[in-house]
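Input: a single structure, listed below in structure tokens.
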Amino acid sequence: MGANHAHPPSSRRTVMAGLAVLVPLAIITLAGLLWLWPDGTVSTGTAQSSVQRVTGTITGVTLKKCPAAPDGAPQPDPATCGNADVRVEGGQSVTLRLPSGPGAQHFAAGDDVILLRDADGDHQISDHDRSTPLWLFGAAFALAVIAFGRWRGVTALVGLAVTFVLLLTFVIPGILEGEPPLLVAIVGASAIMLLVLYLTHGFSLATSMAVLGTLASLALTGLLSYGALGFARLNGITDDSALALDMSLKIDTQGLLLASIIIGALGVLDDVTVTQAVTVAELAHANPSYGFARLYRAAGRIGRAHIASVINTIILAYAGASLPLLLLFSIGRQPLGEVLTTPVIAQEIVRSIVGTLGLIAAVPITTALAALTASRHHPEEDAQEPAARRDAQESFFTPHAHQHDPVPRPYERPAEGERPARHRRRTST
């Protein structure tokens with residue numbers, strides 16, 4: 001049971017077993033993409049708007065006294081009352097009224113703005129033009145990722161681009177064309193998982209185990225989501241956007257909610273599964289004598305710590321996204337029980353609980369798959385190790401965890417006139 005004791009036939013069987021699952025999965029995913037790929041004929045049932053978006057730059061602002069507001073109405077912001085001189089793209093200069101009313105933004109000379117131009121050629125200030133700041137933020141993000149990850153950072157950015165391409169060219173248009181949202185999400189998530197994980201982390205056994213773990217956890221998340229939404233009587237209509245989609249495009253809003261849960265879960269599942277697979281591989285490399293049981297226990301402890309932090313992250317992310325809504329409930333002084341049972345809050349609770357259950361399942365599934373492929377011993381061999389040696393190697397942080405001392409032989413009575421042999425004492429830390 002030394003460090004060089006390996007089982008190449010077992011490794012080959014493991015690779016073949018993994019390929020037996022991954023190759024059909026890739027073929028089914030490719031067939032699903034070809035079958036469900038949108039043809040570009042999205043029928044919204046409404047006439048196309050004649051309003052165009054153009055850009056311009058404010059060259060001057062003239063403030064005026066705000067008109068008196070009716071009794072009980074909010075007072076207008078003095079910085080939003082007046083006119084702005086705007087130079088439209090192409091050189092035309094126009095004088096436009098500043099946007100006013102609740103929530104109106106402030107504009108000043110030198111601001112780049114978005115203008116709405118109707119069929120008659122009249123313009124209206126709509127919003128700030130944020131294209132330049134967003135490009136700068138994107139460039140800073142890309143430089144930081146490449147500076148830290150180097151070539152791995154480049155592949156991560158390419159994987160991010162692949163994700164956006166599939167979402168914008170397959171998932172969203174497919175749902176708009178009337179395809180089942182759940183089926184589109186499953187096929188799209190499988191394609192993103194296969195392309196991005198292998199592109200980012202390379203073609204390795206650890207990556208393959210992460211893919212299999214993600215697939216199993218994603219399937220479990222989908223089943224749990226389907227049952228939870230039916231049990232909680234949630235149809236996916238919680239705001240004006242979902243209602244407009246249901247009325248104008250006749251989209252299955254419950255299926256759309258299921259699709260959003262699956263795609264959202266994928267973003268966290270690949271983090272957990274890749275971490276577990278790489279952890280097992282590193283443990284096996286640092287401790288070649290570790291078998292399945294030791295790799296599973298050591299990586300499982302790391303996975304539990306990871307899940308504990310991820311759960312808190314998920315809850316805080318949902319709370320941050322729903323903070324304005326929570327403030328409205330607080331102002332209304334509604335009882336907590338009534339707040340939690342409202343459709344919008346109940347939907348987020350179900351989404352977070354189901355996603356968390358999928359994450360919890362991802363740790364043992366991926367850890368077991370990775371430990372089976374990374375261990376150099378059969379699982380039954382690890383169980384047959386002497387108890388003394390198992391105690392000595394309980395933690396890979398102990399100095400003697402990498403030693404391979406022979407098992408002490410039973411004491412034998414020395415022959416007459418022979419000096420008794422001393423047994424070596426094994427030091428423990």
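In the structure tokens, each chain is lettered A, B, ... as it comes, each chain's residues begin at 1, and ligands are numbered from 1 in order of appearance.
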_All alpha helix (DSSP H) residues (DSSP, backbone) inside range 27-141 of chain A, as a PyMOL selection string_ = chain A and resi 27-36+131-141
_Give me the residues near Ala216 in chain A as an MDAnalysis selection string, where near means some atom within 9 Å (using only C-alpha atoms) and where sequence neighbours in that chain fewer than 6 positions away do not count._
chainID A and resid 361:362 365:366
*Please measure the separation of CA of Gly90 in chain A and CA of Thr62 in chain A, giving the value in Å to one decimal.*
23.2 Å
*If we count only C-alpha atoms, what is near Ile263 in chain A at a cut-off of 9 Å, once residues fewer than 5 positions away on the same chain are taken out, given as a ChimeraX atom specification?*
/A:185-186,188-189,258
Contacts of range 279-322 of chain A with range 196-209 of chain A up to 12 Å, shortest pair per row, only C-alpha atoms, as CSV:
residue,atom,partner,partner_atom,distance
A:Thr279,CA,A:Ala206,CA,9.3
A:Val280,CA,A:Ala206,CA,8.4
A:Ala281,CA,A:Ala206,CA,6.8
A:Glu282,CA,A:Ala206,CA,10.1
A:Ala284,CA,A:Ala206,CA,11.4
Could you save the residues just selected, with all heavy atoms, as an mmCIF file, in the first residue's frame?
data_model
loop_
_atom_site.group_PDB
_atom_site.id
_atom_site.type_symbol
_atom_site.label_atom_id
_atom_site.label_comp_id
_atom_site.auth_asym_id
_atom_site.auth_seq_id
_atom_site.Cartn_x
_atom_site.Cartn_y
_atom_site.Cartn_z
ATOM 1 N N THR A 279 -10.211 20.288 -5.347
ATOM 2 C CA THR A 279 -9.749 20.001 -3.986
ATOM 3 C C THR A 279 -9.353 18.537 -3.848
ATOM 4 O O THR A 279 -8.297 18.213 -3.284
ATOM 5 C CB THR A 279 -10.853 20.351 -2.974
ATOM 6 O OG1 THR A 279 -11.124 21.745 -3.041
ATOM 7 C CG2 THR A 279 -10.428 19.989 -1.568
ATOM 8 N N VAL A 280 -10.185 17.643 -4.343
ATOM 9 C CA VAL A 280 -9.865 16.215 -4.268
ATOM 10 C C VAL A 280 -8.590 15.909 -5.056
ATOM 11 O O VAL A 280 -7.732 15.140 -4.594
ATOM 12 C CB VAL A 280 -11.054 15.385 -4.798
ATOM 13 C CG1 VAL A 280 -10.663 13.922 -4.931
ATOM 14 C CG2 VAL A 280 -12.243 15.520 -3.870
ATOM 15 N N ALA A 281 -8.455 16.504 -6.232
ATOM 16 C CA ALA A 281 -7.254 16.257 -7.032
ATOM 17 C C ALA A 281 -6.000 16.744 -6.325
ATOM 18 O O ALA A 281 -4.959 16.073 -6.338
ATOM 19 C CB ALA A 281 -7.396 16.931 -8.401
ATOM 20 N N GLU A 282 -6.064 17.911 -5.685
ATOM 21 C CA GLU A 282 -4.901 18.429 -4.973
ATOM 22 C C GLU A 282 -4.583 17.587 -3.738
ATOM 23 O O GLU A 282 -3.414 17.350 -3.419
ATOM 24 C CB GLU A 282 -5.149 19.884 -4.565
ATOM 25 C CG GLU A 282 -5.201 20.856 -5.733
ATOM 26 C CD GLU A 282 -3.884 20.916 -6.480
ATOM 27 O OE1 GLU A 282 -2.820 20.786 -5.836
ATOM 28 O OE2 GLU A 282 -3.907 21.072 -7.714
ATOM 29 N N ALA A 284 -5.207 14.399 -3.410
ATOM 30 C CA ALA A 284 -4.626 13.154 -3.897
ATOM 31 C C ALA A 284 -3.188 13.346 -4.348
ATOM 32 O O ALA A 284 -2.344 12.456 -4.173
ATOM 33 C CB ALA A 284 -5.472 12.603 -5.047
#
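Pairwise distance (CA of Ala277 in chain A, CA of Thr367 in chain A) equals 6.4 Å.
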